[in-house]
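What follows is the content of entry-v5.cif, which has mmCIF, C-alpha atoms and all ligand atoms:
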data_upload
loop_
_atom_site.label_atom_id
_atom_site.label_comp_id
_atom_site.auth_asym_id
_atom_site.auth_seq_id
_atom_site.Cartn_x
_atom_site.Cartn_y
_atom_site.Cartn_z
CA MET A 1 83.38 91.08 122.72
CA LYS A 2 86.44 93.28 123.12
CA ASN A 3 86.12 96.12 125.59
CA TYR A 4 86.72 99.45 123.85
CA THR A 5 85.99 101.66 126.90
CA GLN A 6 89.10 103.84 126.62
CA SER A 7 88.73 104.47 122.88
CA ILE A 8 85.02 105.29 123.28
CA ALA A 9 85.79 107.81 126.06
CA ALA A 10 88.69 109.31 124.09
CA PHE A 11 86.44 109.74 121.06
CA GLN A 12 83.74 111.45 123.12
CA GLU A 13 86.32 113.92 124.43
CA ALA A 14 87.90 114.45 120.98
CA GLN A 15 84.53 115.24 119.42
CA LYS A 16 84.15 118.23 121.74
CA HIS A 17 87.30 119.83 120.35
CA ILE A 18 87.99 118.42 116.88
CA PRO A 19 85.39 118.34 114.05
CA GLY A 20 83.95 114.82 114.07
CA GLY A 21 86.66 113.91 116.58
CA VAL A 22 89.22 113.23 113.84
CA ASN A 23 91.82 115.17 111.90
CA SER A 24 91.02 113.29 108.69
CA PRO A 25 87.54 111.94 107.89
CA VAL A 26 88.78 108.50 106.76
CA ARG A 27 89.84 107.79 110.34
CA SER A 28 86.26 107.93 111.50
CA PHE A 29 84.35 104.65 111.74
CA LYS A 30 81.13 106.47 110.81
CA SER A 31 80.49 104.53 107.62
CA VAL A 32 80.94 101.22 109.44
CA ASP A 33 78.72 102.46 112.24
CA GLY A 34 81.24 102.55 115.07
CA ASP A 35 83.71 104.58 117.10
CA PRO A 36 87.32 104.76 115.92
CA LEU A 37 90.09 103.04 117.81
CA PHE A 38 92.60 105.36 119.43
CA ILE A 39 96.07 104.03 118.74
CA ALA A 40 98.74 103.99 121.43
CA SER A 41 101.62 102.58 119.39
CA ALA A 42 102.57 100.34 116.50
CA LYS A 43 105.42 97.99 115.70
CA GLY A 44 106.01 95.91 112.58
CA ALA A 45 102.67 94.60 111.28
CA LYS A 46 100.82 95.40 114.52
CA VAL A 47 98.97 98.38 115.96
CA PHE A 48 98.02 98.61 119.64
CA ASP A 49 94.98 100.54 120.83
CA ILE A 50 94.65 102.43 124.12
CA ASP A 51 92.47 99.63 125.55
CA GLY A 52 95.44 97.28 125.25
CA HIS A 53 94.30 95.24 122.23
CA GLU A 54 96.61 94.39 119.37
CA TYR A 55 95.68 94.09 115.71
CA ILE A 56 97.30 92.91 112.48
CA ASP A 57 97.25 96.15 110.55
CA TYR A 58 96.29 96.42 106.87
CA VAL A 59 95.79 100.22 106.92
CA GLY A 60 99.50 100.96 107.34
CA SER A 61 98.79 104.64 107.99
CA TRP A 62 96.99 104.57 104.60
CA GLY A 63 100.04 103.45 102.68
CA PRO A 64 103.36 104.77 103.99
CA MET A 65 104.21 101.79 106.20
CA ILE A 66 105.54 99.42 103.54
CA LEU A 67 108.41 98.38 105.85
CA GLY A 68 106.09 97.93 108.82
CA HIS A 69 105.66 100.35 111.72
CA ALA A 70 108.58 101.86 113.63
CA HIS A 71 111.24 100.28 111.44
CA PRO A 72 114.46 100.60 113.52
CA ASP A 73 116.51 102.20 110.72
CA VAL A 74 113.83 104.79 110.00
CA ILE A 75 113.40 105.65 113.68
CA MET A 76 117.17 105.91 114.10
CA ALA A 77 117.44 108.25 111.10
CA ILE A 78 114.73 110.51 112.52
CA GLN A 79 116.36 110.60 115.97
CA LYS A 80 119.83 111.36 114.63
CA THR A 81 118.54 114.08 112.32
CA ALA A 82 116.29 115.64 114.97
CA ALA A 83 119.29 116.09 117.26
CA LYS A 84 120.77 118.48 114.67
CA GLY A 85 117.68 120.67 114.46
CA THR A 86 114.24 120.22 112.95
CA SER A 87 113.97 122.86 110.21
CA PHE A 88 116.19 125.57 108.79
CA GLY A 89 114.29 127.11 105.86
CA ALA A 90 117.50 126.83 103.85
CA PRO A 91 118.84 124.09 101.54
CA THR A 92 120.25 120.88 103.02
CA LEU A 93 122.28 118.07 101.47
CA LEU A 94 119.50 115.62 102.33
CA GLU A 95 117.18 117.26 99.78
CA THR A 96 119.53 116.67 96.86
CA GLU A 97 120.16 113.14 98.09
CA MET A 98 116.40 112.54 98.13
CA ALA A 99 116.00 113.95 94.60
CA LEU A 100 118.81 111.70 93.34
CA GLN A 101 117.32 108.63 95.04
CA ILE A 102 113.89 109.22 93.51
CA LYS A 103 115.40 109.91 90.06
CA LYS A 104 117.38 106.67 90.28
CA MET A 105 114.28 104.62 91.05
CA VAL A 106 111.83 106.42 88.71
CA PRO A 107 113.51 107.20 85.38
CA SER A 108 110.72 109.53 84.14
CA ILE A 109 111.79 112.08 86.79
CA ASP A 110 114.35 114.62 85.54
CA SER A 111 113.74 117.09 88.36
CA ILE A 112 111.63 116.93 91.52
CA ARG A 113 110.17 119.39 94.04
CA MET A 114 109.40 118.33 97.61
CA VAL A 115 106.19 119.47 99.35
CA ASN A 116 104.40 118.42 102.56
CA SER A 117 101.52 116.17 101.49
CA GLY A 118 100.02 114.34 98.54
CA THR A 119 97.39 117.07 98.35
CA GLU A 120 100.05 119.73 97.87
CA ALA A 121 101.78 117.59 95.25
CA THR A 122 98.71 117.22 93.01
CA MET A 123 97.61 120.83 93.54
CA SER A 124 101.03 122.10 92.53
CA ALA A 125 101.40 119.70 89.60
CA LEU A 126 98.09 120.95 88.21
CA ARG A 127 99.11 124.60 88.54
CA LEU A 128 102.40 123.79 86.82
CA ALA A 129 100.63 121.98 83.97
CA ARG A 130 98.34 124.97 83.55
CA GLY A 131 101.25 127.39 83.56
CA TYR A 132 103.19 125.25 81.10
CA THR A 133 100.36 124.77 78.60
CA ASN A 134 98.62 128.09 79.13
CA ARG A 135 95.35 126.16 79.30
CA GLU A 136 92.80 125.82 82.11
CA LEU A 137 90.82 122.55 81.97
CA VAL A 138 91.75 119.32 83.73
CA ILE A 139 90.40 115.80 83.27
CA LYS A 140 90.04 113.55 86.31
CA PHE A 141 88.30 110.19 86.68
CA GLU A 142 85.20 109.42 88.72
CA GLY A 143 86.17 107.68 91.95
CA CYS A 144 89.82 108.76 91.83
CA TYR A 145 91.06 110.80 94.79
CA HIS A 146 93.91 113.25 94.46
CA GLY A 147 93.79 114.94 97.85
CA HIS A 148 91.47 117.70 98.98
CA ASN A 149 92.29 120.47 96.48
CA ASP A 150 89.19 122.27 95.21
CA SER A 151 89.88 121.17 91.62
CA PHE A 152 89.83 117.49 92.54
CA LEU A 153 86.89 117.34 94.95
CA ILE A 154 84.66 116.59 92.01
CA LYS A 155 83.32 113.02 91.85
CA ALA A 156 86.17 112.18 94.23
CA GLY A 157 86.88 108.83 95.86
CA SER A 158 88.17 107.83 99.32
CA GLY A 159 86.56 109.63 102.27
CA ALA A 160 84.71 112.01 99.95
CA LEU A 161 82.95 109.00 98.46
CA THR A 162 82.59 107.09 101.75
CA PHE A 163 80.84 110.02 103.41
CA GLY A 164 78.63 110.88 100.44
CA THR A 165 80.27 114.19 99.45
CA PRO A 166 82.16 113.40 96.23
CA ASN A 167 81.40 117.01 95.17
CA SER A 168 82.26 119.02 98.25
CA PRO A 169 80.34 122.15 99.19
CA GLY A 170 82.77 125.07 99.31
CA VAL A 171 84.23 124.37 95.87
CA THR A 172 83.23 127.33 93.69
CA SER A 173 81.22 126.70 90.54
CA GLY A 174 84.03 128.37 88.56
CA THR A 175 86.57 125.84 89.82
CA ALA A 176 84.16 122.94 89.29
CA ARG A 177 83.60 124.08 85.69
CA ASP A 178 87.29 123.68 84.94
CA THR A 179 87.32 120.04 86.07
CA LEU A 180 86.04 117.54 83.52
CA THR A 181 85.32 113.98 84.61
CA ALA A 182 85.61 110.75 82.67
CA GLY A 183 85.05 107.07 83.49
CA TYR A 184 87.98 104.92 84.63
CA ASN A 185 88.71 102.18 82.07
CA ASP A 186 86.37 104.00 79.66
CA LEU A 187 88.62 105.42 76.94
CA ASP A 188 85.66 106.59 74.84
CA SER A 189 84.61 108.96 77.62
CA VAL A 190 88.12 110.50 77.52
CA LYS A 191 88.07 110.77 73.71
CA GLU A 192 84.77 112.61 73.88
CA LEU A 193 86.25 115.25 76.19
CA PHE A 194 89.27 115.76 73.92
CA ASN A 195 86.97 116.03 70.90
CA ARG A 196 84.94 118.69 72.66
CA TYR A 197 87.90 120.69 74.05
CA PRO A 198 90.86 119.86 71.77
CA GLU A 199 92.97 122.88 72.71
CA GLN A 200 91.84 123.64 76.24
CA ILE A 201 92.89 120.67 78.36
CA ALA A 202 96.00 121.45 80.40
CA ALA A 203 96.28 118.16 82.27
CA LEU A 204 94.83 114.73 82.71
CA ILE A 205 95.40 113.20 86.14
CA LEU A 206 94.77 109.64 87.24
CA GLU A 207 95.67 106.98 89.76
CA PRO A 208 97.50 104.55 87.47
CA VAL A 209 96.11 101.76 89.65
CA THR A 210 93.24 103.01 91.79
CA GLY A 211 93.08 102.60 95.53
CA ASN A 212 90.56 105.27 96.42
CA MET A 213 87.42 103.55 95.14
CA GLY A 214 88.99 100.32 96.30
CA VAL A 215 91.54 98.68 94.01
CA VAL A 216 90.47 98.88 90.36
CA ILE A 217 92.96 97.51 87.86
CA PRO A 218 93.52 99.56 84.70
CA GLU A 219 93.14 97.84 81.36
CA PRO A 220 96.48 98.18 79.49
CA GLU A 221 94.80 99.68 76.42
CA PHE A 222 93.10 102.28 78.66
CA ILE A 223 96.36 103.64 80.08
CA GLN A 224 98.10 103.49 76.69
CA GLY A 225 95.09 105.20 75.10
CA VAL A 226 95.17 107.98 77.67
CA ARG A 227 98.93 108.44 77.07
CA ASP A 228 98.39 108.65 73.30
CA LEU A 229 95.54 111.16 73.62
CA CYS A 230 97.60 113.42 75.92
CA THR A 231 100.51 113.32 73.45
CA LYS A 232 98.20 114.04 70.51
CA TYR A 233 96.49 117.02 72.15
CA GLY A 234 99.52 118.49 73.99
CA THR A 235 98.01 117.74 77.42
CA VAL A 236 100.25 117.06 80.42
CA LEU A 237 99.71 113.49 81.65
CA ILE A 238 99.98 113.40 85.46
CA PHE A 239 100.26 110.06 87.22
CA ASP A 240 99.16 110.40 90.82
CA GLU A 241 101.47 107.82 92.39
CA VAL A 242 100.97 109.10 95.93
CA MET A 243 99.72 105.61 96.81
CA THR A 244 101.33 103.40 94.13
CA GLY A 245 104.77 105.06 94.07
CA PHE A 246 107.48 102.78 95.52
CA ARG A 247 104.69 100.37 96.54
CA LEU A 248 103.94 98.46 93.35
CA SER A 249 107.59 98.29 92.30
CA LYS A 250 110.79 100.31 92.69
CA GLY A 251 109.60 102.49 89.83
CA GLY A 252 105.93 102.55 90.88
CA ALA A 253 102.90 101.82 88.71
CA GLN A 254 104.50 103.45 85.67
CA GLN A 255 107.21 100.80 85.71
CA ILE A 256 104.83 97.85 85.80
CA LEU A 257 102.50 99.44 83.22
CA GLY A 258 105.39 100.47 80.95
CA ILE A 259 103.91 103.95 80.42
CA THR A 260 105.81 107.20 80.94
CA PRO A 261 103.80 110.14 82.29
CA ASP A 262 104.90 113.77 81.93
CA LEU A 263 104.60 114.51 85.65
CA THR A 264 104.31 112.22 88.67
CA CYS A 265 103.04 112.99 92.17
CA PHE A 266 104.36 111.17 95.22
CA GLY A 267 103.62 111.07 98.95
CA LYS A 268 103.16 108.45 101.66
CA ILE A 269 106.17 106.06 101.33
CA ILE A 270 108.64 108.82 100.43
CA GLY A 271 108.17 110.30 103.90
CA GLY A 272 108.67 107.05 105.83
CA GLY A 273 105.61 108.03 107.90
CA LEU A 274 106.38 111.74 108.21
CA PRO A 275 104.34 114.40 106.37
CA VAL A 276 105.67 114.71 102.83
CA GLY A 277 104.79 114.87 99.16
CA ALA A 278 106.64 115.55 95.92
CA TYR A 279 106.03 116.17 92.24
CA GLY A 280 108.43 115.83 89.37
CA GLY A 281 108.92 114.85 85.77
CA LYS A 282 110.09 116.28 82.49
CA GLN A 283 112.80 118.91 82.72
CA GLU A 284 111.09 121.23 80.24
CA ILE A 285 107.97 121.34 82.42
CA MET A 286 109.73 121.47 85.81
CA ASP A 287 111.86 124.38 84.54
CA LYS A 288 108.71 126.53 84.60
CA LEU A 289 108.72 126.47 88.42
CA ALA A 290 109.86 129.45 90.49
CA PRO A 291 112.56 130.60 91.03
CA LYS A 292 113.71 129.32 87.61
CA GLY A 293 110.39 129.96 85.90
CA PRO A 294 107.19 131.91 86.52
CA VAL A 295 104.89 129.29 88.11
CA TYR A 296 104.88 129.94 91.85
CA GLN A 297 104.93 127.26 94.53
CA ALA A 298 106.66 127.36 97.92
CA GLY A 299 106.71 125.91 101.45
CA THR A 300 108.17 126.87 104.84
CA LEU A 301 108.73 123.24 105.79
CA SER A 302 109.19 121.73 102.31
CA GLY A 303 112.10 119.27 102.20
CA ASN A 304 112.01 119.12 105.99
CA PRO A 305 115.12 117.32 107.29
CA LEU A 306 113.22 114.83 109.46
CA ALA A 307 110.91 113.88 106.59
CA MET A 308 113.85 113.62 104.19
CA ALA A 309 115.84 111.44 106.60
CA ALA A 310 112.90 109.09 107.25
CA GLY A 311 111.88 108.87 103.60
CA LEU A 312 115.38 108.47 102.25
CA THR A 313 116.09 105.66 104.70
CA ALA A 314 112.90 103.88 103.62
CA LEU A 315 113.60 104.36 99.90
CA LYS A 316 117.16 103.05 100.23
CA ILE A 317 115.93 99.90 101.94
CA LEU A 318 113.39 99.37 99.13
CA ASP A 319 116.06 100.02 96.51
CA GLU A 320 118.84 97.98 98.04
CA THR A 321 117.07 94.93 99.50
CA ASP A 322 117.35 92.12 96.95
CA GLY A 323 113.98 90.68 96.03
CA PHE A 324 112.02 93.10 98.23
CA TYR A 325 109.09 93.42 95.85
CA ASP A 326 109.02 89.67 95.09
CA MET A 327 108.81 89.00 98.82
CA LEU A 328 105.97 91.52 99.16
CA GLU A 329 104.19 89.98 96.18
CA ASP A 330 104.42 86.50 97.76
CA LYS A 331 102.89 87.73 101.00
CA SER A 332 100.17 89.64 99.16
CA ALA A 333 99.39 86.66 96.92
CA GLN A 334 99.07 84.44 99.99
CA LEU A 335 96.45 86.81 101.40
CA GLY A 336 94.68 87.52 98.11
CA GLU A 337 94.45 83.84 97.12
CA GLY A 338 93.50 82.89 100.68
CA ILE A 339 90.56 85.31 100.70
CA LYS A 340 89.50 84.17 97.22
CA LYS A 341 89.47 80.59 98.54
CA CYS A 342 87.28 81.67 101.49
CA LEU A 343 84.78 83.15 99.03
CA ALA A 344 84.86 80.05 96.82
CA ASP A 345 84.64 77.52 99.69
CA LEU A 346 81.63 79.29 101.20
CA ASN A 347 80.14 80.20 97.83
CA PHE A 348 80.09 83.79 99.08
CA PRO A 349 79.62 86.51 96.45
CA GLY A 350 82.63 88.85 96.23
CA VAL A 351 85.57 89.98 94.16
CA VAL A 352 89.19 90.31 95.28
CA ASN A 353 91.12 92.90 93.26
CA ARG A 354 94.83 93.00 93.92
CA VAL A 355 97.89 94.56 92.34
CA GLY A 356 101.02 93.72 94.31
CA SER A 357 100.60 94.79 97.92
CA MET A 358 97.36 96.78 97.32
CA PHE A 359 94.10 94.82 97.61
CA THR A 360 90.35 95.17 98.12
CA LEU A 361 87.70 92.58 98.91
CA PHE A 362 84.55 93.93 97.26
CA PHE A 363 81.23 92.58 98.52
CA THR A 364 79.35 92.33 95.25
CA GLU A 365 77.22 89.96 93.20
CA GLU A 366 79.07 91.11 90.05
CA GLU A 367 81.75 88.98 88.38
CA GLN A 368 84.26 91.82 88.36
CA VAL A 369 84.89 95.34 89.66
CA ASN A 370 86.44 97.17 86.77
CA SER A 371 84.95 100.65 87.01
CA PHE A 372 83.57 103.22 89.41
CA ALA A 373 80.04 102.06 88.53
CA ASP A 374 80.99 98.49 89.49
CA ALA A 375 82.50 99.69 92.79
CA LEU A 376 79.29 101.56 93.64
CA LYS A 377 77.26 98.34 93.34
CA CYS A 378 79.07 96.86 96.36
CA ASN A 379 77.24 96.13 99.57
CA THR A 380 78.63 98.57 102.12
CA VAL A 381 76.42 97.14 104.88
CA THR A 382 78.02 93.71 104.47
CA TYR A 383 81.43 95.39 104.44
CA ALA A 384 80.66 97.14 107.74
CA LYS A 385 79.72 93.83 109.37
CA TYR A 386 82.83 92.14 108.01
CA PHE A 387 84.99 95.02 109.21
CA LYS A 388 83.64 94.75 112.77
CA MET A 389 84.08 90.99 112.93
CA ALA A 390 87.64 91.33 111.62
CA LEU A 391 88.36 93.89 114.33
CA GLU A 392 87.03 91.52 116.98
CA SER A 393 89.41 88.84 115.63
CA GLY A 394 92.35 91.24 115.86
CA VAL A 395 92.52 92.34 112.22
CA TYR A 396 92.50 96.09 111.50
CA LEU A 397 91.10 96.94 108.05
CA ALA A 398 90.18 100.24 106.43
CA PRO A 399 86.81 101.38 107.82
CA SER A 400 85.33 101.70 104.32
CA GLN A 401 84.60 99.47 101.34
CA PHE A 402 86.11 102.12 99.05
CA GLU A 403 89.73 101.84 100.11
CA ALA A 404 92.76 99.65 99.44
CA GLY A 405 94.35 97.38 102.02
CA PHE A 406 98.14 97.42 102.26
CA MET A 407 100.58 94.59 102.93
CA SER A 408 103.92 95.35 104.58
CA ALA A 409 107.24 93.56 104.72
CA ALA A 410 106.59 92.91 108.42
CA HIS A 411 103.49 90.73 107.84
CA THR A 412 104.52 87.13 108.49
CA SER A 413 102.97 84.11 106.84
CA LYS A 414 101.47 83.19 110.21
CA LYS A 415 99.79 86.59 110.57
CA ILE A 416 98.46 86.33 107.03
CA ASP A 417 97.03 82.88 107.75
CA LYS A 418 95.38 84.29 110.87
CA THR A 419 93.84 87.04 108.71
CA ILE A 420 92.51 84.46 106.25
CA GLU A 421 91.03 82.40 109.11
CA ALA A 422 89.37 85.53 110.53
CA THR A 423 87.93 86.28 107.09
CA TYR A 424 86.62 82.71 106.72
CA GLU A 425 84.92 82.85 110.13
CA ALA A 426 83.41 86.29 109.40
CA LEU A 427 82.07 85.22 105.99
CA LYS A 428 80.61 82.06 107.55
CA VAL A 429 78.65 84.17 110.05
CA LEU A 430 77.57 86.60 107.30
CA LYS A 431 76.38 83.67 105.20
CA GLY A 432 74.05 82.80 108.12
N1 LIG A 501 96.53 111.08 95.85
C1 LIG A 501 96.27 109.82 96.17
C2 LIG A 501 96.25 108.77 95.09
C3 LIG A 501 96.03 109.46 97.49
O1 LIG A 501 95.76 108.19 97.79
C4 LIG A 501 96.06 110.46 98.49
C5 LIG A 501 95.81 110.16 99.97
N2 LIG A 501 95.19 109.00 100.27
C6 LIG A 501 96.35 111.77 98.11
C7 LIG A 501 96.59 112.06 96.78
C8 LIG A 501 96.41 112.88 99.12
O2 LIG A 501 97.53 112.76 99.92
P1 LIG A 501 97.56 113.47 101.37
O3 LIG A 501 96.52 112.80 102.19
O4 LIG A 501 98.97 113.24 101.84
O5 LIG A 501 97.28 114.92 101.15
#
Could you express the structure from this file as structure tokens?
Amino acid sequence: MKNYTQSIAAFQEAQKHIPGGVNSPVRSFKSVDGDPLFIASAKGAKVFDIDGHEYIDYVGSWGPMILGHAHPDVIMAIQKTAAKGTSFGAPTLLETEMALQIKKMVPSIDSIRMVNSGTEATMSALRLARGYTNRELVIKFEGCYHGHNDSFLIKAGSGALTFGTPNSPGVTSGTARDTLTAGYNDLDSVKELFNRYPEQIAALILEPVTGNMGVVIPEPEFIQGVRDLCTKYGTVLIFDEVMTGFRLSKGGAQQILGITPDLTCFGKIIGGGLPVGAYGGKQEIMDKLAPKGPVYQAGTLSGNPLAMAAGLTALKILDETDGFYDMLEDKSAQLGEGIKKCLADLNFPGVVNRVGSMFTLFFTEEEQVNSFADALKCNTVTYAKYFKMALESGVYLAPSQFEAGFMSAAHTSKKIDKTIEATYEALKVLKG
């Protein structure tokens, strides 16, 4: 057994001063019945805890670390930029450069506004859609997570689901009334809502590939159907690509699905590990934003130079490295197929869902996990045991069944093989 003395002590101290000892609930190991590791540093595919253990990391700071931790070019960009000052509250050249880089990689973006988190991006995109359409209702999908805005903490995924509060107290009944929920991969449930409220739905938001109930793969006719319904009813289609953007391809999920949303939200990768978010899309809609238009949204630190420098450096590497996404796909396929083989060899019930470098091993007796209802049937107790055994073997996974794992460019074939071996050994013990 590893000795986690320092992390345990640090957590006890943190709990006295920080709610639950963490600044974001998903960092807690509560749902896997443990104490979180306190991280001292990270490099490449590895994280190091304060007890001196090292782990192959598949959390990747929940998505941003597609190049691996502490990439030298990203760190250098941050250091050089920091030396010139950390924030000015006035325009910088870096912001236009960032807008141009994103527009180049994601053709549906005519104009883009930087904010400070994914939460801010989705919150602002919804306000903009409401201002643009002069309507109030929004459709979201059960199990999708769009940050912690009041409007989206309704049947939400990620930590809200993990900790049993998909409808958070504190969200007013008025706000909750304006959020309609439908079933992911269930186009009929979306049609029903449009039939009921044909002229009242301002926006429909979704994760074009979900990560926040674990990875659920959209059926092509579902996404196309949603696009067609939004066009028919004059509803703004918002793709929340905070997780999938620049991860699934240069142009995100919308590129691989071949569907063009009206607005897209970004976060995670575009900050290279610094706090950032963005939302953009059709010119006609973006033109409604202040100071050009009447819809207000602002931010003291928005477009922060350090975040722009880190994110821009990361995006340029993704854009300019030949075969980057093929390389990431190969690594991810090695892991995904390796875990599937573990399940098959041991005749262990489970489903591996993977799209590119996002993956989830669901512990389930079902043949597939294609919906929120399927995800809920998974055995979270088995997941918790698997998680702990993986940790003991030096593999750091998300401390919840309802999350995606992330591959980075820094994961070597050897590390991936080690992860597969650790999974095989854990499943063998679980099999009994
Ligand atoms: N949307 C999606 C799809 C996300 O995965 C997340 C965060 N996991 C968010 C929005 C919220 O982003 P943030 O945590 O930066 O506010």
Residues within 7 Å of ligand LIG 501 (chain A), counting all atoms listed in the file, as a PyMOL selection string: chain A and resi 62+117-120+122+145-148+207+211-212+240-243+267-268+276-277
Distance query Ser168 (chain A) at most 12 Å, all atoms listed in the file, self and fewer than 5 positions along chain excluded, as a VMD selection string: chain A and resid 148 to 157 159 to 161 163 173 175 to 176
Distance criterion (only C-alpha atoms): nearest to Pro275 (chain A) out of A:Ala309, A:Leu328, A:Asn195, A:Leu128: A:Ala309
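CA of Gln224 (chain A) is positioned 18.0 Å from CA of Ile201 (chain A).
With CA of Ser31 (chain A) on one side and CA of Cys265 (chain A) on the other, the separation reads 28.6 Å.
The nearest approach to Ala390 (chain A) among the residues A:Ala253, A:Ala310, A:Asp57, A:Glu284, with all atoms listed in the file taken into account, belongs to A:Asp57.
In this comparison, which uses all atoms listed in the file, the residue of A:Leu427, A:Ala344, A:Ala422, A:Val209 approaching Lys385 (chain A) most closely is A:Leu427.
CA of Ile217 (chain A) is positioned 12.3 Å from CA of Val351 (chain A).
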Test item: residues at most 10 Å from Thr162 (chain A), all atoms listed in the file, excluding those fewer than 6 positions along its chain, as a list of chain:residue names: A:Pro25, A:Val26, A:Lys30, A:Ser31, A:Val32, A:Ala156, A:Asn212, A:Met213, A:Thr380, A:Pro399, A:Ser400, A:Gln401, A:Phe402, A:Glu403
Given all atoms listed in the file as the counted atoms, nearest of A:Glu337, A:Val369, A:Gly131, A:Thr244 to Glu219 (chain A): A:Val369
Within 12 Å of file point (113.7, 116.5, 102.3), counting all atoms listed in the file, expressed as a ChimeraX atom specification: /A:78,81,86-102,112-116,267,270-272,274-278,299,301-313
Protein, DNA and RNA residues within 12 Å of (96.6, 104.7, 78.6), only C-alpha atoms, as a PyMOL selection string: chain A and resi 184-188+190-191+204-209+218-231+237-239+254+257-261
Spatial neighbours of Ile285 (chain A), max dist 10 Å, all atoms listed in the file, sep filter under 5 positions, as a VMD selection string: chain A and resid 110 to 111 125 128 to 129 131 to 133 236 262 to 263 280 293
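By chain and then residue number, the residues within 10 Å of Phe324 (chain A) are Leu67, Ser249, Lys250, Ile317, Leu318 and Ala409 of chain A, counting only C-alpha atoms and disregarding those fewer than 6 positions away in sequence.
The residue that comes closest to Gly281 (chain A), out of A:Lys428, A:Lys232, A:Lys140, A:Lys103 and on the basis of only C-alpha atoms, is A:Lys103.
Candidate residues A:Asp51, A:Glu421, A:Asp33, A:Glu392 were compared for distance to Ala9 (chain A), and the nearest is A:Asp51, using all atoms listed in the file.
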Leaving out Asn370 (chain A) and any residue of its chain fewer than 2 positions from it, which residues lie within 7 Å of it when counting only C-alpha atoms, given as a short mmCIF file (atom, residue, chain, number, x, y, z; two decimals) with C-alpha atoms, keeping the file's coordinate frame?
data_model
loop_
_atom_site.label_atom_id
_atom_site.label_comp_id
_atom_site.auth_asym_id
_atom_site.auth_seq_id
_atom_site.Cartn_x
_atom_site.Cartn_y
_atom_site.Cartn_z
CA VAL A 216 90.47 98.88 90.36
CA ILE A 217 92.96 97.51 87.86
CA GLN A 368 84.26 91.82 88.36
CA ASP A 374 80.99 98.49 89.49
#
Could I get region 260-271 of chain A rebuilt with N, CA and C atoms, written as a short mmCIF file (atom, residue, chain, number, x, y, z; two decimals), in the frame of the given file?
data_model
loop_
_atom_site.label_atom_id
_atom_site.label_comp_id
_atom_site.auth_asym_id
_atom_site.auth_seq_id
_atom_site.Cartn_x
_atom_site.Cartn_y
_atom_site.Cartn_z
N THR A 260 105.09 106.07 80.36
CA THR A 260 105.81 107.20 80.94
C THR A 260 104.90 108.44 80.98
N PRO A 261 104.59 108.90 82.18
CA PRO A 261 103.80 110.14 82.29
C PRO A 261 104.71 111.36 82.10
N ASP A 262 104.10 112.55 82.02
CA ASP A 262 104.90 113.77 81.93
C ASP A 262 105.29 114.27 83.32
N LEU A 263 104.34 114.16 84.25
CA LEU A 263 104.60 114.51 85.65
C LEU A 263 104.11 113.38 86.54
N THR A 264 104.74 113.23 87.70
CA THR A 264 104.31 112.22 88.67
C THR A 264 104.23 112.87 90.05
N CYS A 265 103.17 112.52 90.80
CA CYS A 265 103.04 112.99 92.17
C CYS A 265 103.33 111.84 93.13
N PHE A 266 104.04 112.17 94.20
CA PHE A 266 104.36 111.17 95.22
C PHE A 266 103.92 111.67 96.60
N GLY A 267 103.92 110.75 97.56
CA GLY A 267 103.62 111.07 98.95
C GLY A 267 103.87 109.81 99.76
N LYS A 268 103.17 109.68 100.86
CA LYS A 268 103.16 108.45 101.66
C LYS A 268 104.54 107.83 101.87
N ILE A 269 104.94 106.82 101.07
CA ILE A 269 106.17 106.06 101.33
C ILE A 269 107.41 106.97 101.34
N ILE A 270 107.42 108.01 100.51
CA ILE A 270 108.64 108.82 100.43
C ILE A 270 108.89 109.65 101.69
N GLY A 271 107.95 109.62 102.63
CA GLY A 271 108.17 110.30 103.90
C GLY A 271 108.42 109.34 105.05
#
